[in-house]
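**Q** Data: target-v5.tsv, TSV, C-alpha atoms and all ligand atoms.
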chain	number	residue	atom	x	y	z
W	7	MET	CA	0.00	0.00	0.00
W	8	SER	CA	1.38	3.40	-0.97
W	9	GLU	CA	1.78	6.47	1.16
W	10	LEU	CA	-0.19	9.16	-0.67
W	11	LEU	CA	1.74	12.38	-1.26
W	12	THR	CA	0.67	15.91	-2.07
W	13	VAL	CA	2.62	17.79	-4.73
W	14	ARG	CA	4.51	19.60	-1.97
W	15	GLU	CA	5.37	16.37	-0.13
W	16	CYS	CA	6.46	14.82	-3.41
W	17	ALA	CA	8.72	17.80	-4.10
W	18	ASP	CA	10.24	17.47	-0.60
W	19	PHE	CA	10.82	13.77	-1.17
W	20	ILE	CA	12.53	14.46	-4.50
W	21	ARG	CA	14.76	17.11	-2.91
W	22	SER	CA	15.86	14.61	-0.27
W	23	ARG	CA	16.83	11.92	-2.81
W	24	ASP	CA	19.27	11.35	-5.65
W	25	ASN	CA	20.23	8.83	-8.36
W	26	PHE	CA	16.79	8.55	-9.93
W	27	LEU	CA	15.92	5.84	-12.43
W	28	ILE	CA	12.66	6.74	-14.13
W	29	MET	CA	10.42	4.09	-15.57
W	30	SER	CA	7.76	4.41	-18.26
W	31	HIS	CA	5.03	1.83	-18.86
W	32	CYS	CA	5.00	-1.03	-21.36
W	33	ARG	CA	3.69	-0.22	-24.85
W	34	PRO	CA	4.71	3.37	-24.05
W	35	ASP	CA	2.57	6.28	-25.21
W	36	GLY	CA	3.31	9.98	-25.45
W	37	ASP	CA	2.24	10.66	-21.89
W	38	THR	CA	4.50	8.14	-20.18
W	39	VAL	CA	7.51	8.91	-22.41
W	40	GLY	CA	6.96	12.68	-22.40
W	41	SER	CA	6.38	12.83	-18.65
W	42	ALA	CA	9.25	10.50	-17.72
W	43	SER	CA	11.77	12.23	-19.99
W	44	ALA	CA	10.67	15.71	-18.89
W	45	LEU	CA	10.96	14.66	-15.23
W	46	CYS	CA	14.46	13.38	-15.96
W	47	LEU	CA	15.48	16.77	-17.41
W	48	ILE	CA	13.83	18.61	-14.50
W	49	LEU	CA	15.79	16.53	-11.98
W	50	ARG	CA	19.01	17.12	-13.89
W	51	ALA	CA	18.28	20.87	-13.89
W	52	MET	CA	18.15	20.58	-10.07
W	53	GLY	CA	21.63	19.05	-10.08
W	54	LYS	CA	20.37	15.52	-9.44
W	55	THR	CA	21.63	12.42	-11.19
W	56	ALA	CA	18.69	11.04	-13.14
W	57	CYS	CA	18.20	8.73	-16.11
W	58	LEU	CA	15.50	6.77	-17.87
W	59	MET	CA	15.11	3.03	-17.68
W	60	PRO	CA	15.46	1.78	-21.27
W	61	ASN	CA	12.02	0.83	-22.67
W	62	PRO	CA	12.51	-1.53	-25.60
W	63	GLU	CA	8.96	-0.97	-26.90
W	64	ILE	CA	9.42	2.74	-27.55
W	65	THR	CA	8.31	3.69	-31.08
W	66	SER	CA	10.26	5.96	-33.43
W	67	ARG	CA	7.64	8.66	-32.86
W	68	TYR	CA	8.84	9.15	-29.28
W	69	ALA	CA	12.43	7.89	-29.52
W	70	ARG	CA	13.91	11.36	-29.81
W	71	PHE	CA	12.55	12.27	-26.36
W	72	VAL	CA	14.72	9.66	-24.63
W	73	GLU	CA	17.98	10.24	-26.49
W	74	GLY	CA	20.87	10.86	-24.14
W	75	LEU	CA	18.84	9.96	-21.05
W	76	GLU	CA	19.82	6.30	-20.74
W	77	PRO	CA	21.74	5.16	-17.64
W	78	PRO	CA	25.52	5.48	-17.96
W	79	GLU	CA	27.87	2.55	-17.32
W	80	GLY	CA	28.01	1.80	-13.60
W	81	PHE	CA	24.89	3.80	-12.68
W	82	VAL	CA	23.43	2.66	-9.35
W	83	CYS	CA	19.76	3.48	-8.84
W	84	GLU	CA	18.65	4.78	-5.45
W	85	THR	CA	15.24	6.16	-6.29
W	86	LEU	CA	13.26	4.03	-8.72
W	87	THR	CA	10.45	6.26	-9.97
W	88	ALA	CA	7.47	5.24	-12.11
W	89	VAL	CA	5.54	7.69	-14.24
W	90	ASP	CA	2.02	7.17	-15.68
W	91	LEU	CA	2.35	3.53	-14.66
W	92	ALA	CA	-0.87	2.21	-13.11
W	93	ALA	CA	0.00	-1.34	-12.02
W	94	ASP	CA	2.92	-3.76	-11.87
W	95	THR	CA	1.37	-5.56	-14.86
W	96	MET	CA	2.35	-2.46	-16.85
W	97	PHE	CA	6.06	-2.55	-15.98
W	98	PRO	CA	8.25	-2.19	-19.07
W	99	VAL	CA	9.60	-5.22	-20.92
W	100	GLY	CA	12.92	-6.22	-19.37
W	101	PHE	CA	12.16	-4.71	-15.94
W	102	ALA	CA	14.91	-6.06	-13.70
W	103	GLY	CA	13.08	-5.73	-10.39
W	104	GLY	CA	13.50	-3.39	-7.45
W	105	GLU	CA	11.20	-1.52	-5.15
W	106	VAL	CA	9.45	1.49	-6.67
W	107	GLU	CA	10.15	4.42	-4.30
W	108	LEU	CA	7.87	6.89	-6.02
W	109	CYS	CA	5.02	6.75	-8.50
W	110	ILE	CA	3.54	9.78	-10.23
W	111	ASP	CA	0.26	8.87	-11.87
W	112	HIS	CA	-3.21	9.96	-12.96
W	113	HIS	CA	-4.89	6.54	-13.22
W	114	GLY	CA	-7.65	6.27	-10.62
W	115	SER	CA	-7.15	2.50	-10.81
W	116	ASN	CA	-3.51	2.75	-9.65
W	117	SER	CA	-2.81	-0.48	-7.76
W	118	ARG	CA	-0.67	1.23	-5.08
W	119	TYR	CA	2.42	-0.87	-5.86
W	120	ALA	CA	4.87	1.98	-5.10
W	121	LYS	CA	6.05	3.04	-1.64
W	122	ARG	CA	4.92	6.61	-2.29
W	123	LEU	CA	2.27	7.81	-4.70
W	124	LEU	CA	1.44	11.21	-6.12
W	125	LEU	CA	-1.95	10.50	-7.67
W	126	LYS	CA	-4.19	13.03	-9.40
W	127	PRO	CA	-6.96	11.19	-11.23
W	128	GLU	CA	-8.61	14.48	-12.22
W	129	LYS	CA	-5.70	15.25	-14.53
W	130	ALA	CA	-6.08	14.33	-18.21
W	131	ALA	CA	-2.38	13.54	-18.48
W	132	CYS	CA	0.47	12.69	-16.17
W	133	GLY	CA	2.32	15.51	-17.92
W	134	GLU	CA	0.10	18.01	-16.09
W	135	ILE	CA	1.21	16.58	-12.74
W	136	VAL	CA	4.89	16.75	-13.74
W	137	LEU	CA	4.33	20.38	-14.75
W	138	GLU	CA	2.83	21.13	-11.33
W	139	LEU	CA	5.75	19.36	-9.70
W	140	ALA	CA	8.30	21.38	-11.70
W	141	ASN	CA	6.61	24.57	-10.53
W	142	GLU	CA	6.62	23.35	-6.92
W	143	LEU	CA	10.31	22.45	-7.25
W	144	GLY	CA	11.03	25.91	-8.63
W	145	VAL	CA	12.51	24.61	-11.89
W	146	LYS	CA	11.98	26.98	-14.79
W	147	LEU	CA	10.95	24.93	-17.82
W	148	ASP	CA	13.15	25.09	-20.91
W	149	LYS	CA	12.05	24.22	-24.45
W	150	GLU	CA	13.17	20.59	-24.16
W	151	MET	CA	11.08	20.04	-21.03
W	152	ALA	CA	8.13	21.97	-22.46
W	153	ASP	CA	8.16	19.95	-25.72
W	154	ARG	CA	8.04	16.68	-23.80
W	155	LEU	CA	5.26	17.79	-21.47
W	156	TYR	CA	3.27	19.23	-24.38
W	157	ALA	CA	3.59	15.86	-26.14
W	158	ALA	CA	2.41	14.17	-22.92
W	159	VAL	CA	-0.63	16.41	-22.47
W	160	SER	CA	-1.62	16.57	-26.14
W	161	THR	CA	-1.36	12.83	-26.81
W	162	ASP	CA	-3.37	11.74	-23.75
W	163	THR	CA	-6.15	14.12	-24.81
W	164	GLY	CA	-6.08	13.22	-28.52
W	165	CYS	CA	-4.90	16.77	-29.23
W	166	PHE	CA	-7.41	18.22	-26.76
W	167	LEU	CA	-10.51	16.58	-28.15
W	168	TYR	CA	-11.17	13.68	-25.78
W	169	ARG	CA	-13.61	14.18	-22.94
W	170	ASN	CA	-10.84	14.17	-20.34
W	171	THR	CA	-9.80	17.62	-21.61
W	172	THR	CA	-10.61	20.43	-19.20
W	173	ALA	CA	-9.90	24.14	-18.90
W	174	ASP	CA	-6.97	23.11	-16.68
W	175	THR	CA	-5.59	20.97	-19.50
W	176	HIS	CA	-5.68	23.96	-21.83
W	177	ARG	CA	-4.09	26.15	-19.13
W	178	ALA	CA	-1.30	23.59	-18.77
W	179	ALA	CA	-0.82	23.58	-22.56
W	180	ALA	CA	-0.75	27.38	-22.62
W	181	GLU	CA	1.90	27.38	-19.89
W	182	LEU	CA	3.97	24.90	-21.93
W	183	ILE	CA	3.61	27.00	-25.08
W	184	ASP	CA	4.74	30.04	-23.09
W	185	ALA	CA	7.74	28.00	-21.95
W	186	GLY	CA	8.74	27.43	-25.57
W	187	ALA	CA	7.05	24.19	-26.64
W	188	ASP	CA	7.04	23.81	-30.43
W	189	TYR	CA	3.31	23.07	-30.43
W	190	GLY	CA	2.88	23.62	-34.17
W	191	GLY	CA	5.60	21.14	-35.09
W	192	LEU	CA	4.50	18.64	-32.46
W	193	ASN	CA	0.85	18.80	-33.53
W	194	VAL	CA	1.74	18.07	-37.15
W	195	ARG	CA	4.14	15.28	-36.24
W	196	LEU	CA	1.96	13.66	-33.58
W	197	PHE	CA	-1.54	14.12	-35.01
W	198	ARG	CA	-1.44	14.88	-38.71
W	199	LYS	CA	1.30	12.99	-40.53
W	200	VAL	CA	1.30	9.20	-40.86
W	201	SER	CA	3.45	6.73	-42.76
W	202	PRO	CA	2.08	5.20	-45.99
W	203	ALA	CA	1.88	1.82	-44.21
W	204	ARG	CA	-0.15	3.37	-41.40
W	205	LEU	CA	-2.52	4.94	-43.90
W	206	LYS	CA	-3.05	1.57	-45.57
W	207	LEU	CA	-3.54	-0.12	-42.20
W	208	GLU	CA	-6.14	2.46	-41.19
W	209	GLY	CA	-8.00	1.78	-44.45
W	210	LEU	CA	-8.14	-1.93	-43.63
W	211	ILE	CA	-9.23	-1.23	-40.05
W	212	TYR	CA	-12.01	1.15	-41.11
W	213	SER	CA	-13.26	-1.32	-43.72
W	214	ALA	CA	-13.56	-4.13	-41.18
W	215	MET	CA	-15.12	-2.17	-38.30
W	216	ARG	CA	-18.37	-3.54	-36.89
W	217	GLN	CA	-21.18	-1.99	-34.93
W	218	TYR	CA	-23.29	-3.55	-32.21
W	219	PHE	CA	-26.10	-2.60	-29.82
W	220	ASP	CA	-27.91	-0.35	-32.32
W	221	GLY	CA	-24.65	1.31	-33.29
W	222	ARG	CA	-23.78	2.41	-29.77
W	223	VAL	CA	-20.79	0.09	-29.64
W	224	THR	CA	-18.11	-0.06	-32.34
W	225	VAL	CA	-15.44	-2.72	-32.59
W	226	ALA	CA	-12.28	-2.34	-34.65
W	227	PHE	CA	-10.05	-5.29	-35.45
W	228	VAL	CA	-6.32	-5.12	-36.03
W	229	THR	CA	-5.37	-8.60	-37.18
W	230	LEU	CA	-2.03	-10.14	-38.04
W	231	ASP	CA	-3.30	-10.41	-41.66
W	232	MET	CA	-3.93	-6.65	-41.76
W	233	MET	CA	-0.44	-5.99	-40.41
W	234	ARG	CA	1.03	-8.20	-43.14
W	235	GLU	CA	-1.08	-6.74	-45.93
W	236	SER	CA	-0.33	-3.11	-45.03
W	237	GLY	CA	3.35	-3.67	-44.30
W	238	ALA	CA	2.87	-1.85	-40.98
W	239	THR	CA	5.27	-2.40	-38.08
W	240	GLU	CA	4.94	-1.49	-34.40
W	241	ASN	CA	6.21	1.96	-35.36
W	242	ASP	CA	2.99	2.48	-37.30
W	243	CYS	CA	0.69	1.41	-34.48
W	244	ASP	CA	0.63	4.36	-32.07
W	245	ASP	CA	-2.85	5.17	-30.79
W	246	LEU	CA	-4.79	2.83	-33.07
W	247	ALA	CA	-7.39	2.69	-30.31
W	248	SER	CA	-8.65	6.16	-31.18
W	249	LEU	CA	-9.92	5.21	-34.65
W	250	ALA	CA	-13.05	3.28	-33.66
W	251	GLY	CA	-14.40	6.13	-31.56
W	252	ARG	CA	-15.00	8.27	-34.64
W	253	VAL	CA	-18.28	6.67	-35.73
W	254	GLU	CA	-21.33	8.87	-35.24
W	255	GLY	CA	-23.85	7.47	-32.78
W	256	SER	CA	-21.27	5.25	-31.12
W	257	SER	CA	-20.22	6.12	-27.57
W	258	CYS	CA	-18.19	3.04	-26.72
W	259	SER	CA	-15.45	1.67	-28.93
W	260	ALA	CA	-13.18	-1.32	-28.63
W	261	THR	CA	-10.04	-2.05	-30.57
W	262	ILE	CA	-9.09	-5.70	-30.66
W	263	ARG	CA	-5.51	-6.24	-31.64
W	264	GLU	CA	-4.41	-9.75	-32.52
W	265	LYS	CA	-0.88	-9.90	-31.08
W	266	ALA	CA	-0.32	-13.58	-31.84
W	267	PRO	CA	-2.62	-16.42	-32.87
W	268	GLY	CA	-4.95	-16.90	-29.87
W	269	LEU	CA	-3.87	-13.73	-28.06
W	270	CYS	CA	-5.70	-10.41	-28.28
W	271	LYS	CA	-5.03	-7.08	-26.60
W	272	ILE	CA	-8.08	-4.92	-26.15
W	273	SER	CA	-8.32	-1.15	-25.80
W	274	LEU	CA	-11.67	0.20	-24.73
W	275	ARG	CA	-12.83	3.81	-24.99
W	276	SER	CA	-16.14	5.15	-23.75
W	277	SER	CA	-17.95	8.30	-22.67
W	278	PHE	CA	-20.54	8.34	-19.90
W	279	ASP	CA	-22.69	5.33	-20.82
W	280	VAL	CA	-20.30	2.68	-19.65
W	281	ASN	CA	-17.22	2.51	-17.45
W	282	SER	CA	-14.32	1.15	-19.51
W	283	SER	CA	-12.25	0.28	-16.46
W	284	ASP	CA	-15.10	-1.83	-14.99
W	285	VAL	CA	-15.58	-3.70	-18.26
W	286	CYS	CA	-11.87	-4.42	-18.62
W	287	ALA	CA	-11.62	-5.47	-14.96
W	288	LYS	CA	-13.92	-8.42	-15.85
W	289	PHE	CA	-11.09	-9.69	-18.02
W	290	GLY	CA	-8.27	-8.92	-15.60
W	291	GLY	CA	-7.47	-5.46	-16.98
W	292	GLY	CA	-8.14	-1.90	-15.92
W	293	GLY	CA	-7.45	1.78	-16.57
W	294	HIS	CA	-9.55	4.94	-16.55
W	295	PRO	CA	-13.38	5.20	-16.61
W	296	MET	CA	-13.18	6.37	-20.23
W	297	ALA	CA	-10.10	4.47	-21.44
W	298	ALA	CA	-8.98	1.05	-20.31
W	299	GLY	CA	-7.42	-2.16	-21.56
W	300	CYS	CA	-7.24	-5.91	-21.08
W	301	ALA	CA	-6.03	-9.08	-22.78
W	302	MET	CA	-7.88	-12.22	-23.88
W	303	SER	CA	-6.51	-15.58	-24.89
W	304	CYS	CA	-8.73	-16.27	-27.89
W	305	ALA	CA	-9.25	-15.30	-31.53
W	306	PRO	CA	-10.42	-11.73	-32.36
W	307	GLU	CA	-13.97	-12.89	-33.24
W	308	GLU	CA	-14.47	-14.52	-29.86
W	309	ALA	CA	-12.87	-11.57	-28.05
W	310	ALA	CA	-15.41	-9.27	-29.73
W	311	GLU	CA	-18.32	-11.46	-28.65
W	312	ARG	CA	-17.19	-11.66	-25.02
W	313	LEU	CA	-16.34	-7.99	-24.84
W	314	VAL	CA	-19.57	-6.72	-26.39
W	315	ALA	CA	-21.59	-8.92	-24.01
W	316	ALA	CA	-19.68	-7.42	-21.05
W	317	ILE	CA	-20.17	-3.87	-22.33
W	318	ILE	CA	-23.93	-4.33	-22.73
W	319	GLU	CA	-24.13	-5.83	-19.23
W	320	GLU	CA	-22.34	-2.76	-17.78
W	321	TRP	CA	-24.35	-0.25	-19.80
W	322	LYS	CA	-25.99	2.42	-17.64
W	323	HIS	CA	-29.56	2.39	-18.92
B	1	MN	MN	-1.37	8.92	-19.17
Translate this structure into structure tokens?
**A**
Amino acid sequence: MSELLTVRECADFIRSRDNFLIMSHCRPDGDTVGSASALCLILRAMGKTACLMPNPEITSRYARFVEGLEPPEGFVCETLTAVDLAADTMFPVGFAGGEVELCIDHHGSNSRYAKRLLLKPEKAACGEIVLELANELGVKLDKEMADRLYAAVSTDTGCFLYRNTTADTHRAAAELIDAGADYGGLNVRLFRKVSPARLKLEGLIYSAMRQYFDGRVTVAFVTLDMMRESGATENDCDDLASLAGRVEGSSCSATIREKAPGLCKISLRSSFDVNSSDVCAKFGGGGHPMAAGCAMSCAPEEAAERLVAAIIEEWKH
């Protein structure tokens, strides 16, 4: 069970410690990579020794954020810190063990695996919490920090259009733009441009989407065949879970990704009609009320059937 910290207590704890190793979650997104790498730079600006735990699943889209932040030869970690990491099931591939001294997170479902926890479930992105922490620590943000935190905040809100976006999110973004974030360049790179293989993959996904429950539920499939046909690699698969939510009249969308024959990873997105985290918990997963995930050991067809049944059961009539 974690000791819950306020931002001030977290800042005090950070001041009292050194030799930070910062961990992002598996299948890393812009929030975990942006927040972890920005925190690393903030700690270094304070004169601390800090580096990022290598995350082998990082995609080329976010790779530039972690350049130069890997642990040097002979680095000994004293303060293992997790960022945007909700449960030990989300530890990065190759995690070598060790007690997590501090976790900074915005997932209400956080499993309290760390010794200390700074948790703000009202925040759309972990990047907003790291920004608050930087201000509390008295670190003036530079462009490199601001870029990373802008990427964190903008990706977790789908460029400020998901329902988790609040006036506070926009205020955080404005603060980051004031601090020098290249928001124009980041928006184009993160939300507009895609590789030709990604475009082809999206075409296949859109063509195969299915609707259930009078169109209120949409399911998108990402099969191994689609990956082969489009020529897409993991680098082309950032945020595929946002595609299914675009259909008019649909307020709950699932993306079923066939990772291997008989193994599917599911991302669920919803608005107010159903709690994604509750649905995914039925299959051993979890997350936020409006965005959650789980895994199923079956073919995509069967995963869809089981998932849709669970969604309808949870629907708030
Ligand atoms: Mn996040």
**Q** With a distance cut-off of 12 Å and all atoms listed in the file, select the neighbouring residues of Met233 of chain W, excluding the residue or stretch itself and same-chain residues fewer than 6 positions from it, and output the selection as a compact mmCIF listing (two decimals) with C-alpha atoms, in the coordinates of the input.
**A**
# COMPACT_ATOMS: atom_id res chain seq x y z
CA ALA W 203 1.88 1.82 -44.21
CA ARG W 204 -0.15 3.37 -41.40
CA LEU W 205 -2.52 4.94 -43.90
CA LYS W 206 -3.05 1.57 -45.57
CA LEU W 207 -3.54 -0.12 -42.20
CA GLU W 208 -6.14 2.46 -41.19
CA GLY W 209 -8.00 1.78 -44.45
CA LEU W 210 -8.14 -1.93 -43.63
CA ILE W 211 -9.23 -1.23 -40.05
CA PHE W 227 -10.05 -5.29 -35.45
CA THR W 239 5.27 -2.40 -38.08
CA GLU W 240 4.94 -1.49 -34.40
CA ASN W 241 6.21 1.96 -35.36
CA ASP W 242 2.99 2.48 -37.30
CA CYS W 243 0.69 1.41 -34.48
CA ARG W 263 -5.51 -6.24 -31.64
CA GLU W 264 -4.41 -9.75 -32.52
CA LYS W 265 -0.88 -9.90 -31.08
CA ALA W 266 -0.32 -13.58 -31.84
**Q** Mind listing the residues within 9 Å of ligand MN 1 (chain B), all atoms listed in the file counted, as a PDB file with C-alpha atoms, keeping the file's coordinate frame?
**A**
ATOM      1  CA  ASP W  35       2.570   6.280 -25.210  1.00  0.00           C
ATOM      2  CA  GLY W  36       3.310   9.980 -25.450  1.00  0.00           C
ATOM      3  CA  ASP W  37       2.240  10.660 -21.890  1.00  0.00           C
ATOM      4  CA  THR W  38       4.500   8.140 -20.180  1.00  0.00           C
ATOM      5  CA  SER W  41       6.380  12.830 -18.650  1.00  0.00           C
ATOM      6  CA  VAL W  89       5.540   7.690 -14.240  1.00  0.00           C
ATOM      7  CA  ASP W  90       2.020   7.170 -15.680  1.00  0.00           C
ATOM      8  CA  LEU W  91       2.350   3.530 -14.660  1.00  0.00           C
ATOM      9  CA  ASP W 111       0.260   8.870 -11.870  1.00  0.00           C
ATOM     10  CA  HIS W 112      -3.210   9.960 -12.960  1.00  0.00           C
ATOM     11  CA  HIS W 113      -4.890   6.540 -13.220  1.00  0.00           C
ATOM     12  CA  LYS W 129      -5.700  15.250 -14.530  1.00  0.00           C
ATOM     13  CA  ALA W 130      -6.080  14.330 -18.210  1.00  0.00           C
ATOM     14  CA  ALA W 131      -2.380  13.540 -18.480  1.00  0.00           C
ATOM     15  CA  CYS W 132       0.470  12.690 -16.170  1.00  0.00           C
ATOM     16  CA  GLY W 133       2.320  15.510 -17.920  1.00  0.00           C
ATOM     17  CA  ALA W 158       2.410  14.170 -22.920  1.00  0.00           C
ATOM     18  CA  VAL W 159      -0.630  16.410 -22.470  1.00  0.00           C
ATOM     19  CA  THR W 161      -1.360  12.830 -26.810  1.00  0.00           C
ATOM     20  CA  ASP W 162      -3.370  11.740 -23.750  1.00  0.00           C
TER      21      ASP W 162
END
**Q** Select, from W:Met232, W:Gly103, W:Ala92, W:Asn61, the residue with the minimum atom-to-atom distance to Lys126 of chain W, counting all atoms listed in the file.
**A** W:Ala92
**Q** How many Å separate atom CA of Leu123 of chain W from atom CA of Val136 of chain W?
**A**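 Computing it gives 13.0 Å between the two atoms.
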**Q** Between W:Val39, W:Leu143, W:Glu84, W:Ala51, which has the minimum distance to Arg21 of chain W (counting all atoms listed in the file)?
**A**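 Checking each of W:Val39, W:Leu143, W:Glu84, W:Ala51 against Arg21 of chain W, counting all atoms listed in the file, the winner is W:Leu143.
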**Q** Please identify all polymer residues within 8 Å of segment 315-318 of chain W, counting all atoms listed in the file, omitting same-chain residues fewer than 5 positions from it, and present them as a short mmCIF file (atom, residue, chain, number, x, y, z; two decimals) with C-alpha atoms, in the coordinates of the input.
**A**
data_model
loop_
_atom_site.label_atom_id
_atom_site.label_comp_id
_atom_site.auth_asym_id
_atom_site.auth_seq_id
_atom_site.Cartn_x
_atom_site.Cartn_y
_atom_site.Cartn_z
CA PHE W 219 -26.10 -2.60 -29.82
CA VAL W 280 -20.30 2.68 -19.65
CA VAL W 285 -15.58 -3.70 -18.26
CA LYS W 288 -13.92 -8.42 -15.85
#
**Q** For segment 62-79 of chain W, which lacks atoms in the input, supply N, CA and C atoms and format the output as a PDB file, in the coordinates of the input.
**A**
ATOM      1  N   PRO W  62      12.268  -1.004 -24.258  1.00  0.00           N
ATOM      2  CA  PRO W  62      12.510  -1.530 -25.600  1.00  0.00           C
ATOM      3  C   PRO W  62      11.318  -1.389 -26.555  1.00  0.00           C
ATOM      4  N   GLU W  63      10.146  -1.070 -26.024  1.00  0.00           N
ATOM      5  CA  GLU W  63       8.960  -0.970 -26.900  1.00  0.00           C
ATOM      6  C   GLU W  63       8.719   0.451 -27.416  1.00  0.00           C
ATOM      7  N   ILE W  64       9.627   1.358 -27.133  1.00  0.00           N
ATOM      8  CA  ILE W  64       9.420   2.740 -27.550  1.00  0.00           C
ATOM      9  C   ILE W  64       9.380   2.821 -29.085  1.00  0.00           C
ATOM     10  N   THR W  65       8.418   3.575 -29.629  1.00  0.00           N
ATOM     11  CA  THR W  65       8.310   3.690 -31.080  1.00  0.00           C
ATOM     12  C   THR W  65       9.131   4.885 -31.577  1.00  0.00           C
ATOM     13  N   SER W  66       9.396   4.915 -32.876  1.00  0.00           N
ATOM     14  CA  SER W  66      10.260   5.960 -33.430  1.00  0.00           C
ATOM     15  C   SER W  66       9.652   7.347 -33.208  1.00  0.00           C
ATOM     16  N   ARG W  67       8.327   7.392 -33.095  1.00  0.00           N
ATOM     17  CA  ARG W  67       7.640   8.660 -32.860  1.00  0.00           C
ATOM     18  C   ARG W  67       8.125   9.362 -31.591  1.00  0.00           C
ATOM     19  N   TYR W  68       8.443   8.571 -30.567  1.00  0.00           N
ATOM     20  CA  TYR W  68       8.840   9.150 -29.280  1.00  0.00           C
ATOM     21  C   TYR W  68      10.313   8.953 -28.943  1.00  0.00           C
ATOM     22  N   ALA W  69      11.041   8.259 -29.831  1.00  0.00           N
ATOM     23  CA  ALA W  69      12.430   7.890 -29.520  1.00  0.00           C
ATOM     24  C   ALA W  69      13.310   9.106 -29.257  1.00  0.00           C
ATOM     25  N   ARG W  70      13.038  10.188 -29.968  1.00  0.00           N
ATOM     26  CA  ARG W  70      13.910  11.360 -29.810  1.00  0.00           C
ATOM     27  C   ARG W  70      13.833  11.951 -28.385  1.00  0.00           C
ATOM     28  N   PHE W  71      12.711  11.718 -27.712  1.00  0.00           N
ATOM     29  CA  PHE W  71      12.550  12.270 -26.360  1.00  0.00           C
ATOM     30  C   PHE W  71      13.477  11.599 -25.342  1.00  0.00           C
ATOM     31  N   VAL W  72      13.925  10.389 -25.632  1.00  0.00           N
ATOM     32  CA  VAL W  72      14.720   9.660 -24.630  1.00  0.00           C
ATOM     33  C   VAL W  72      16.206   9.640 -24.960  1.00  0.00           C
ATOM     34  N   GLU W  73      16.564  10.232 -26.097  1.00  0.00           N
ATOM     35  CA  GLU W  73      17.980  10.240 -26.490  1.00  0.00           C
ATOM     36  C   GLU W  73      18.830  10.934 -25.437  1.00  0.00           C
ATOM     37  N   GLY W  74      19.931  10.274 -25.098  1.00  0.00           N
ATOM     38  CA  GLY W  74      20.870  10.860 -24.140  1.00  0.00           C
ATOM     39  C   GLY W  74      20.440  10.741 -22.691  1.00  0.00           C
ATOM     40  N   LEU W  75      19.329  10.061 -22.433  1.00  0.00           N
ATOM     41  CA  LEU W  75      18.840   9.960 -21.050  1.00  0.00           C
ATOM     42  C   LEU W  75      19.005   8.557 -20.472  1.00  0.00           C
ATOM     43  N   GLU W  76      19.663   7.673 -21.233  1.00  0.00           N
ATOM     44  CA  GLU W  76      19.820   6.300 -20.740  1.00  0.00           C
ATOM     45  C   GLU W  76      20.873   6.247 -19.626  1.00  0.00           C
ATOM     46  N   PRO W  77      20.798   5.229 -18.763  1.00  0.00           N
ATOM     47  CA  PRO W  77      21.740   5.160 -17.640  1.00  0.00           C
ATOM     48  C   PRO W  77      23.169   4.947 -18.134  1.00  0.00           C
ATOM     49  N   PRO W  78      24.130   5.683 -17.582  1.00  0.00           N
ATOM     50  CA  PRO W  78      25.520   5.480 -17.960  1.00  0.00           C
ATOM     51  C   PRO W  78      26.071   4.192 -17.336  1.00  0.00           C
ATOM     52  N   GLU W  79      27.157   3.722 -17.875  1.00  0.00           N
ATOM     53  CA  GLU W  79      27.870   2.550 -17.320  1.00  0.00           C
ATOM     54  C   GLU W  79      28.079   2.750 -15.818  1.00  0.00           C
TER      55      GLU W  79
END
